[in-house]
file coords.txt (compact mmCIF, N, CA, C and O atoms)
# COMPACT_ATOMS: atom_id res chain seq x y z
N MET A 1 -22.98 10.57 -8.22
CA MET A 1 -22.12 11.68 -7.88
C MET A 1 -21.12 11.23 -6.82
O MET A 1 -21.51 10.72 -5.77
N PRO A 2 -19.79 11.39 -7.07
CA PRO A 2 -18.79 10.95 -6.11
C PRO A 2 -18.88 11.73 -4.80
O PRO A 2 -19.20 12.91 -4.78
N THR A 3 -18.57 11.05 -3.72
CA THR A 3 -18.57 11.66 -2.41
C THR A 3 -17.36 12.58 -2.28
O THR A 3 -16.29 12.27 -2.78
N GLN A 4 -17.54 13.72 -1.61
CA GLN A 4 -16.42 14.63 -1.37
C GLN A 4 -15.47 14.00 -0.36
O GLN A 4 -15.88 13.51 0.67
N ILE A 5 -14.17 14.03 -0.67
CA ILE A 5 -13.15 13.48 0.21
C ILE A 5 -12.56 14.62 1.02
O ILE A 5 -12.10 15.60 0.44
N PRO A 6 -12.56 14.49 2.36
CA PRO A 6 -11.92 15.54 3.15
C PRO A 6 -10.46 15.70 2.73
O PRO A 6 -9.79 14.71 2.40
N PRO A 7 -9.93 16.93 2.72
CA PRO A 7 -8.57 17.16 2.22
C PRO A 7 -7.48 16.47 3.02
O PRO A 7 -6.37 16.31 2.54
N ARG A 8 -7.77 16.03 4.23
CA ARG A 8 -6.72 15.37 5.02
C ARG A 8 -6.60 13.88 4.71
O ARG A 8 -5.84 13.18 5.35
N PHE A 9 -7.35 13.39 3.74
CA PHE A 9 -7.30 11.98 3.36
C PHE A 9 -6.93 11.82 1.89
O PHE A 9 -7.34 12.61 1.06
N THR A 10 -6.16 10.79 1.61
CA THR A 10 -5.82 10.43 0.23
C THR A 10 -6.43 9.06 -0.04
O THR A 10 -6.19 8.11 0.71
N PRO A 11 -7.22 8.93 -1.10
CA PRO A 11 -7.80 7.62 -1.39
C PRO A 11 -6.74 6.66 -1.92
O PRO A 11 -5.82 7.06 -2.64
N LEU A 12 -6.87 5.41 -1.53
CA LEU A 12 -6.02 4.36 -2.09
C LEU A 12 -6.70 3.85 -3.34
O LEU A 12 -7.84 3.38 -3.30
N ASP A 13 -6.03 3.95 -4.45
CA ASP A 13 -6.58 3.50 -5.72
C ASP A 13 -6.24 2.03 -5.92
O ASP A 13 -5.15 1.68 -6.36
N THR A 14 -7.16 1.17 -5.54
CA THR A 14 -6.91 -0.28 -5.65
C THR A 14 -7.66 -0.89 -6.83
O THR A 14 -7.59 -2.09 -7.04
N HIS A 15 -8.36 -0.07 -7.58
CA HIS A 15 -9.10 -0.53 -8.76
C HIS A 15 -10.18 -1.56 -8.42
O HIS A 15 -10.60 -2.32 -9.28
N ASP A 16 -10.63 -1.58 -7.17
CA ASP A 16 -11.67 -2.53 -6.76
C ASP A 16 -13.06 -1.99 -7.01
O ASP A 16 -13.99 -2.75 -7.18
N ALA A 17 -13.19 -0.67 -6.97
CA ALA A 17 -14.52 -0.07 -7.07
C ALA A 17 -14.40 1.26 -7.81
O ALA A 17 -13.32 1.82 -7.95
N VAL A 18 -15.54 1.76 -8.23
CA VAL A 18 -15.57 3.05 -8.91
C VAL A 18 -15.16 4.16 -7.93
O VAL A 18 -14.36 5.02 -8.26
N ASN A 19 -15.71 4.11 -6.73
CA ASN A 19 -15.39 5.10 -5.70
C ASN A 19 -14.47 4.46 -4.66
O ASN A 19 -14.74 3.35 -4.20
N PRO A 20 -13.39 5.15 -4.28
CA PRO A 20 -12.47 4.56 -3.31
C PRO A 20 -13.13 4.39 -1.94
O PRO A 20 -14.01 5.17 -1.57
N VAL A 21 -12.71 3.35 -1.24
CA VAL A 21 -13.25 3.10 0.09
C VAL A 21 -12.15 3.07 1.15
O VAL A 21 -12.43 3.15 2.34
N LEU A 22 -10.89 2.97 0.73
CA LEU A 22 -9.76 2.98 1.65
C LEU A 22 -9.00 4.28 1.49
O LEU A 22 -8.75 4.74 0.36
N TYR A 23 -8.62 4.90 2.61
CA TYR A 23 -7.97 6.19 2.60
C TYR A 23 -6.77 6.20 3.55
O TYR A 23 -6.75 5.48 4.53
N ILE A 24 -5.81 7.07 3.24
CA ILE A 24 -4.68 7.32 4.13
C ILE A 24 -4.89 8.69 4.74
O ILE A 24 -5.17 9.66 4.04
N ARG A 25 -4.74 8.75 6.05
CA ARG A 25 -4.92 10.01 6.77
C ARG A 25 -3.61 10.80 6.74
O ARG A 25 -2.59 10.35 7.25
N HIS A 26 -3.63 11.97 6.14
CA HIS A 26 -2.43 12.81 6.01
C HIS A 26 -1.85 13.20 7.35
O HIS A 26 -0.64 13.34 7.50
N ASP A 27 -2.71 13.44 8.34
CA ASP A 27 -2.23 13.94 9.62
C ASP A 27 -1.90 12.82 10.62
O ASP A 27 -1.67 13.08 11.79
N ALA A 28 -1.84 11.59 10.14
CA ALA A 28 -1.42 10.50 11.02
C ALA A 28 0.04 10.72 11.39
O ALA A 28 0.81 11.28 10.60
N PRO A 29 0.44 10.29 12.57
CA PRO A 29 1.85 10.44 12.95
C PRO A 29 2.77 9.73 11.95
O PRO A 29 2.45 8.64 11.46
N LEU A 30 3.92 10.37 11.68
CA LEU A 30 4.89 9.78 10.74
C LEU A 30 5.26 8.36 11.14
O LEU A 30 5.40 7.49 10.29
N GLU A 31 5.44 8.15 12.42
CA GLU A 31 5.82 6.81 12.89
C GLU A 31 4.77 5.77 12.50
O GLU A 31 5.10 4.67 12.04
N ASP A 32 3.50 6.11 12.67
CA ASP A 32 2.43 5.18 12.32
C ASP A 32 2.39 4.91 10.83
O ASP A 32 2.19 3.77 10.39
N LEU A 33 2.56 5.96 10.03
CA LEU A 33 2.59 5.78 8.58
C LEU A 33 3.76 4.89 8.16
O LEU A 33 3.62 4.00 7.32
N ALA A 34 4.92 5.13 8.78
CA ALA A 34 6.12 4.35 8.44
C ALA A 34 5.95 2.88 8.86
O ALA A 34 6.33 1.98 8.11
N ILE A 35 5.38 2.65 10.01
CA ILE A 35 5.15 1.27 10.47
C ILE A 35 4.20 0.55 9.52
O ILE A 35 4.42 -0.60 9.15
N CYS A 36 3.16 1.25 9.10
CA CYS A 36 2.17 0.66 8.18
C CYS A 36 2.82 0.33 6.84
O CYS A 36 2.61 -0.76 6.29
N ALA A 37 3.63 1.24 6.31
CA ALA A 37 4.31 0.99 5.04
C ALA A 37 5.30 -0.16 5.19
O ALA A 37 5.36 -1.05 4.35
N ALA A 38 6.08 -0.14 6.27
CA ALA A 38 7.09 -1.18 6.50
C ALA A 38 6.44 -2.56 6.59
O ALA A 38 6.99 -3.54 6.07
N HIS A 39 5.29 -2.63 7.24
CA HIS A 39 4.60 -3.91 7.35
C HIS A 39 4.25 -4.46 5.97
O HIS A 39 4.45 -5.63 5.68
N ARG A 40 3.73 -3.59 5.12
CA ARG A 40 3.37 -4.03 3.77
C ARG A 40 4.59 -4.49 2.98
O ARG A 40 4.57 -5.52 2.32
N PHE A 41 5.69 -3.75 3.07
CA PHE A 41 6.90 -4.13 2.34
C PHE A 41 7.51 -5.42 2.90
O PHE A 41 8.04 -6.23 2.15
N THR A 42 7.41 -5.61 4.21
CA THR A 42 7.92 -6.84 4.82
C THR A 42 7.12 -8.05 4.35
O THR A 42 7.70 -9.10 4.03
N VAL A 43 5.81 -7.91 4.27
CA VAL A 43 4.97 -9.02 3.79
C VAL A 43 5.31 -9.34 2.34
O VAL A 43 5.43 -10.50 1.96
N VAL A 44 5.48 -8.31 1.51
CA VAL A 44 5.85 -8.54 0.11
C VAL A 44 7.21 -9.23 0.02
O VAL A 44 7.39 -10.18 -0.74
N ARG A 45 8.17 -8.77 0.82
CA ARG A 45 9.49 -9.41 0.83
C ARG A 45 9.37 -10.88 1.19
O ARG A 45 9.97 -11.74 0.55
N ASP A 46 8.58 -11.18 2.22
CA ASP A 46 8.41 -12.57 2.64
C ASP A 46 7.74 -13.41 1.54
O ASP A 46 8.14 -14.55 1.31
N LEU A 47 6.74 -12.84 0.89
CA LEU A 47 6.09 -13.55 -0.22
C LEU A 47 7.08 -13.82 -1.35
O LEU A 47 7.12 -14.90 -1.93
N MET A 48 7.89 -12.82 -1.66
CA MET A 48 8.87 -12.99 -2.74
C MET A 48 9.97 -13.98 -2.34
O MET A 48 10.45 -14.75 -3.17
N ASP A 49 10.37 -13.98 -1.06
CA ASP A 49 11.33 -14.97 -0.58
C ASP A 49 10.78 -16.38 -0.76
O ASP A 49 11.48 -17.29 -1.23
N THR A 50 9.53 -16.55 -0.39
CA THR A 50 8.89 -17.85 -0.54
C THR A 50 8.83 -18.26 -2.00
O THR A 50 9.17 -19.39 -2.37
N LEU A 51 8.42 -17.33 -2.83
CA LEU A 51 8.29 -17.61 -4.26
C LEU A 51 9.64 -17.95 -4.88
O LEU A 51 9.75 -18.84 -5.72
N SER A 52 10.68 -17.26 -4.45
CA SER A 52 12.00 -17.49 -5.04
C SER A 52 12.61 -18.84 -4.63
O SER A 52 13.50 -19.33 -5.31
N THR A 53 12.12 -19.43 -3.56
CA THR A 53 12.67 -20.72 -3.13
C THR A 53 11.90 -21.90 -3.71
O THR A 53 12.35 -23.03 -3.58
N LEU A 54 10.78 -21.63 -4.34
CA LEU A 54 9.99 -22.70 -4.93
C LEU A 54 10.41 -22.93 -6.37
O LEU A 54 10.76 -21.99 -7.08
N GLY A 55 10.37 -24.16 -6.78
CA GLY A 55 10.60 -24.44 -8.19
C GLY A 55 9.35 -24.07 -8.98
O GLY A 55 8.24 -24.38 -8.56
N LEU A 56 9.52 -23.40 -10.09
CA LEU A 56 8.36 -22.96 -10.87
C LEU A 56 7.53 -24.14 -11.37
O LEU A 56 6.35 -23.99 -11.66
N LYS A 57 8.13 -25.31 -11.46
CA LYS A 57 7.38 -26.49 -11.90
C LYS A 57 6.35 -26.90 -10.85
O LYS A 57 5.37 -27.55 -11.18
N ASN A 58 6.58 -26.52 -9.60
CA ASN A 58 5.70 -26.93 -8.50
C ASN A 58 4.61 -25.92 -8.19
O ASN A 58 3.84 -26.11 -7.26
N ILE A 59 4.54 -24.83 -8.95
CA ILE A 59 3.57 -23.77 -8.66
C ILE A 59 2.43 -23.83 -9.65
O ILE A 59 2.63 -23.84 -10.86
N ASP A 60 1.22 -23.87 -9.12
CA ASP A 60 0.03 -23.78 -9.97
C ASP A 60 -0.13 -22.34 -10.45
O ASP A 60 0.24 -21.40 -9.74
N ASP A 61 -0.68 -22.18 -11.63
CA ASP A 61 -0.91 -20.83 -12.17
C ASP A 61 -1.75 -19.99 -11.23
O ASP A 61 -1.48 -18.80 -11.04
N CYS A 62 -2.76 -20.59 -10.61
CA CYS A 62 -3.64 -19.82 -9.73
C CYS A 62 -2.88 -19.36 -8.48
O CYS A 62 -3.11 -18.25 -7.99
N ASP A 63 -1.94 -20.16 -7.98
CA ASP A 63 -1.16 -19.76 -6.82
C ASP A 63 -0.22 -18.61 -7.17
O ASP A 63 -0.06 -17.66 -6.40
N LEU A 64 0.41 -18.69 -8.32
CA LEU A 64 1.29 -17.62 -8.77
C LEU A 64 0.51 -16.32 -8.94
O LEU A 64 0.97 -15.24 -8.55
N LEU A 65 -0.69 -16.42 -9.48
CA LEU A 65 -1.54 -15.25 -9.66
C LEU A 65 -1.93 -14.64 -8.31
O LEU A 65 -1.90 -13.43 -8.13
N ARG A 66 -2.27 -15.49 -7.34
CA ARG A 66 -2.64 -15.00 -6.01
C ARG A 66 -1.49 -14.26 -5.35
O ARG A 66 -1.66 -13.19 -4.78
N VAL A 67 -0.29 -14.84 -5.41
CA VAL A 67 0.88 -14.21 -4.81
C VAL A 67 1.20 -12.90 -5.51
O VAL A 67 1.48 -11.88 -4.87
N SER A 68 1.15 -12.89 -6.82
CA SER A 68 1.49 -11.66 -7.55
C SER A 68 0.44 -10.57 -7.33
O SER A 68 0.80 -9.40 -7.16
N ARG A 69 -0.83 -10.92 -7.28
CA ARG A 69 -1.87 -9.91 -7.02
C ARG A 69 -1.74 -9.33 -5.62
O ARG A 69 -1.83 -8.12 -5.42
N GLY A 70 -1.52 -10.21 -4.65
CA GLY A 70 -1.35 -9.75 -3.26
C GLY A 70 -0.13 -8.86 -3.12
O GLY A 70 -0.19 -7.80 -2.48
N SER A 71 0.96 -9.26 -3.73
CA SER A 71 2.19 -8.47 -3.67
C SER A 71 1.99 -7.11 -4.34
O SER A 71 2.43 -6.07 -3.82
N HIS A 72 1.34 -7.12 -5.47
CA HIS A 72 1.10 -5.87 -6.19
C HIS A 72 0.26 -4.91 -5.36
O HIS A 72 0.59 -3.72 -5.24
N LEU A 73 -0.80 -5.41 -4.77
CA LEU A 73 -1.68 -4.58 -3.96
C LEU A 73 -0.93 -4.01 -2.75
O LEU A 73 -1.01 -2.81 -2.46
N LEU A 74 -0.17 -4.85 -2.07
CA LEU A 74 0.58 -4.38 -0.90
C LEU A 74 1.66 -3.37 -1.29
O LEU A 74 1.91 -2.40 -0.56
N MET A 75 2.31 -3.57 -2.42
CA MET A 75 3.32 -2.62 -2.88
C MET A 75 2.68 -1.27 -3.22
O MET A 75 3.24 -0.21 -2.88
N ARG A 76 1.52 -1.28 -3.87
CA ARG A 76 0.83 -0.03 -4.19
C ARG A 76 0.48 0.73 -2.91
O ARG A 76 0.66 1.94 -2.83
N GLU A 77 -0.03 0.00 -1.92
CA GLU A 77 -0.38 0.64 -0.65
C GLU A 77 0.86 1.19 0.05
O GLU A 77 0.85 2.31 0.56
N GLY A 78 1.93 0.40 0.08
CA GLY A 78 3.17 0.85 0.71
C GLY A 78 3.73 2.09 0.02
O GLY A 78 4.19 3.02 0.69
N CYS A 79 3.71 2.11 -1.29
CA CYS A 79 4.20 3.28 -2.04
C CYS A 79 3.33 4.50 -1.78
O CYS A 79 3.85 5.62 -1.65
N ALA A 80 2.03 4.32 -1.69
CA ALA A 80 1.13 5.44 -1.38
C ALA A 80 1.44 6.01 0.01
O ALA A 80 1.46 7.23 0.21
N LEU A 81 1.71 5.12 0.96
CA LEU A 81 2.08 5.56 2.30
C LEU A 81 3.39 6.32 2.27
O LEU A 81 3.54 7.37 2.92
N LEU A 82 4.37 5.85 1.51
CA LEU A 82 5.66 6.55 1.40
C LEU A 82 5.50 7.93 0.80
O LEU A 82 6.19 8.87 1.20
N GLU A 83 4.60 8.09 -0.15
CA GLU A 83 4.36 9.41 -0.73
C GLU A 83 3.84 10.38 0.33
O GLU A 83 4.26 11.54 0.37
N ILE A 84 2.93 9.92 1.18
CA ILE A 84 2.41 10.77 2.25
C ILE A 84 3.53 11.11 3.24
O ILE A 84 3.64 12.24 3.71
N ILE A 85 4.37 10.13 3.55
CA ILE A 85 5.50 10.36 4.45
C ILE A 85 6.43 11.42 3.87
O ILE A 85 6.88 12.32 4.58
N GLN A 86 6.71 11.34 2.58
CA GLN A 86 7.58 12.33 1.93
C GLN A 86 6.99 13.73 2.02
O GLN A 86 7.71 14.70 2.29
N VAL A 87 5.69 13.84 1.79
CA VAL A 87 5.03 15.15 1.87
C VAL A 87 5.13 15.69 3.29
O VAL A 87 5.46 16.87 3.50
N GLN A 88 4.84 14.84 4.28
CA GLN A 88 4.92 15.28 5.69
C GLN A 88 6.33 15.68 6.05
O GLN A 88 6.55 16.69 6.73
N ALA A 89 7.33 14.90 5.63
CA ALA A 89 8.73 15.21 5.96
C ALA A 89 9.15 16.53 5.33
O ALA A 89 9.82 17.34 5.96
N ALA A 90 8.75 16.77 4.09
CA ALA A 90 9.08 18.03 3.42
C ALA A 90 8.42 19.21 4.13
O ALA A 90 9.02 20.27 4.30
N ARG A 91 7.19 19.01 4.57
CA ARG A 91 6.47 20.06 5.29
C ARG A 91 7.18 20.37 6.61
O ARG A 91 7.32 21.53 6.99
N MET A 92 7.65 19.32 7.29
CA MET A 92 8.34 19.52 8.57
C MET A 92 9.68 20.25 8.37
O MET A 92 10.06 21.08 9.18
N ARG A 93 10.38 19.95 7.27
CA ARG A 93 11.66 20.61 6.99
C ARG A 93 11.47 22.10 6.69
O ARG A 93 12.32 22.91 7.02
N SER A 94 10.36 22.43 6.06
CA SER A 94 10.14 23.82 5.66
C SER A 94 9.61 24.69 6.81
O SER A 94 9.55 25.89 6.67
N GLN A 95 9.26 24.08 7.89
CA GLN A 95 8.72 24.86 9.02
C GLN A 95 9.82 25.46 9.87
O GLN A 95 10.85 25.05 10.09
call {"tool": "encode", "arguments": {"input": "coords.txt", "output": "structure tokens"}}
result
Amino acid sequence: MPTQIPPRFTPLDTHDAVNPVLYIRHDAPLEDLAICAAHRFTVVRDLMDTLSTLGLKNIDDCDLLRVSRGSHLLMREGCALLEIIQVQAARMRSQ
């Protein structure tokens, strides 16, 4: 039986487990959410910069897979954070 998730949390769906273990707190300050999202997008940008400067002949398949999996996971987390930021911003505008 799945555990009840408090309504102030959104689970991160990382496809690692049947039940989510990582959550985003809805009531976290907007600044903290934005910093967290920005960090993830910056890391992905840096990974993609590195990847774009390498010749594909010099990359092992396993390295390409590691970079793409890491980038994908960080992008999913960053996008989930942005969704929470959008909800909070809309709520603040309507008040």
call {"tool": "residues_around", "arguments": {"input": "coords.txt", "residues": "A:Arg76", "least_positions_apart": "2", "cutoff": "12 Å", "atoms": "only C-alpha atoms", "output": "ChimeraX atom specification"}}
result
/A:11-15,37,40-41,44,69-74,78-83
call {"tool": "closest_residue", "arguments": {"input": "coords.txt", "among": "A:Arg45, A:Arg8, A:Arg91, A:His39", "to": "A:Ile24", "atoms": "all atoms listed in the file"}}
result
A:Arg8
call {"tool": "atom_distance", "arguments": {"input": "coords.txt", "atom1": "atom N of A:Phe9", "atom2": "atom CA of A:Glu77"}}
result
15.2 Å
call {"tool": "atom_distance", "arguments": {"input": "coords.txt", "atom1": "atom N of A:Asp61", "atom2": "atom CA of A:Asp46"}}
result
19.5 Å
call {"tool": "select_by_dssp", "arguments": {"input": "coords.txt", "residues": "chain A", "states": "strand (DSSP E or B)", "output": "JSON, numbers by chain"}}
result
{"A": [9, 10, 11, 23, 24, 25]}
call {"tool": "atom_distance", "arguments": {"input": "coords.txt", "atom1": "atom CA of A:Arg25", "atom2": "atom C of A:Gln88"}}
result
12.6 Å
call {"tool": "closest_residue", "arguments": {"input": "coords.txt", "among": "A:Val43, A:Leu54, A:Ile84, A:Ser68", "to": "A:His26", "atoms": "only N, CA, C and O atoms"}}
result
A:Ile84
call {"tool": "closest_residue", "arguments": {"input": "coords.txt", "among": "A:Ile85, A:Ala90, A:Leu47, A:Ala17", "to": "A:Leu33", "atoms": "all atoms listed in the file"}}
result
A:Ile85
call {"tool": "select_by_dssp", "arguments": {"input": "coords.txt", "residues": "chain A", "states": "alpha helix (DSSP H)", "output": "JSON, numbers by chain"}}
result
{"A": [30, 31, 32, 33, 34, 35, 36, 37, 38, 39, 40, 41, 42, 43, 44, 45, 46, 47, 48, 49, 50, 51, 52, 53, 61, 62, 63, 64, 65, 66, 67, 68, 69, 70, 71, 72, 73, 74, 75, 76, 77, 78, 79, 80, 81, 82, 83, 84, 85, 86, 87, 88, 89, 90, 91, 92, 93, 94]}
call {"tool": "closest_residue", "arguments": {"input": "coords.txt", "among": "A:Asp32, A:Val87, A:Leu22, A:Ala38", "to": "A:Thr10", "atoms": "all atoms listed in the file"}}
result
A:Leu22
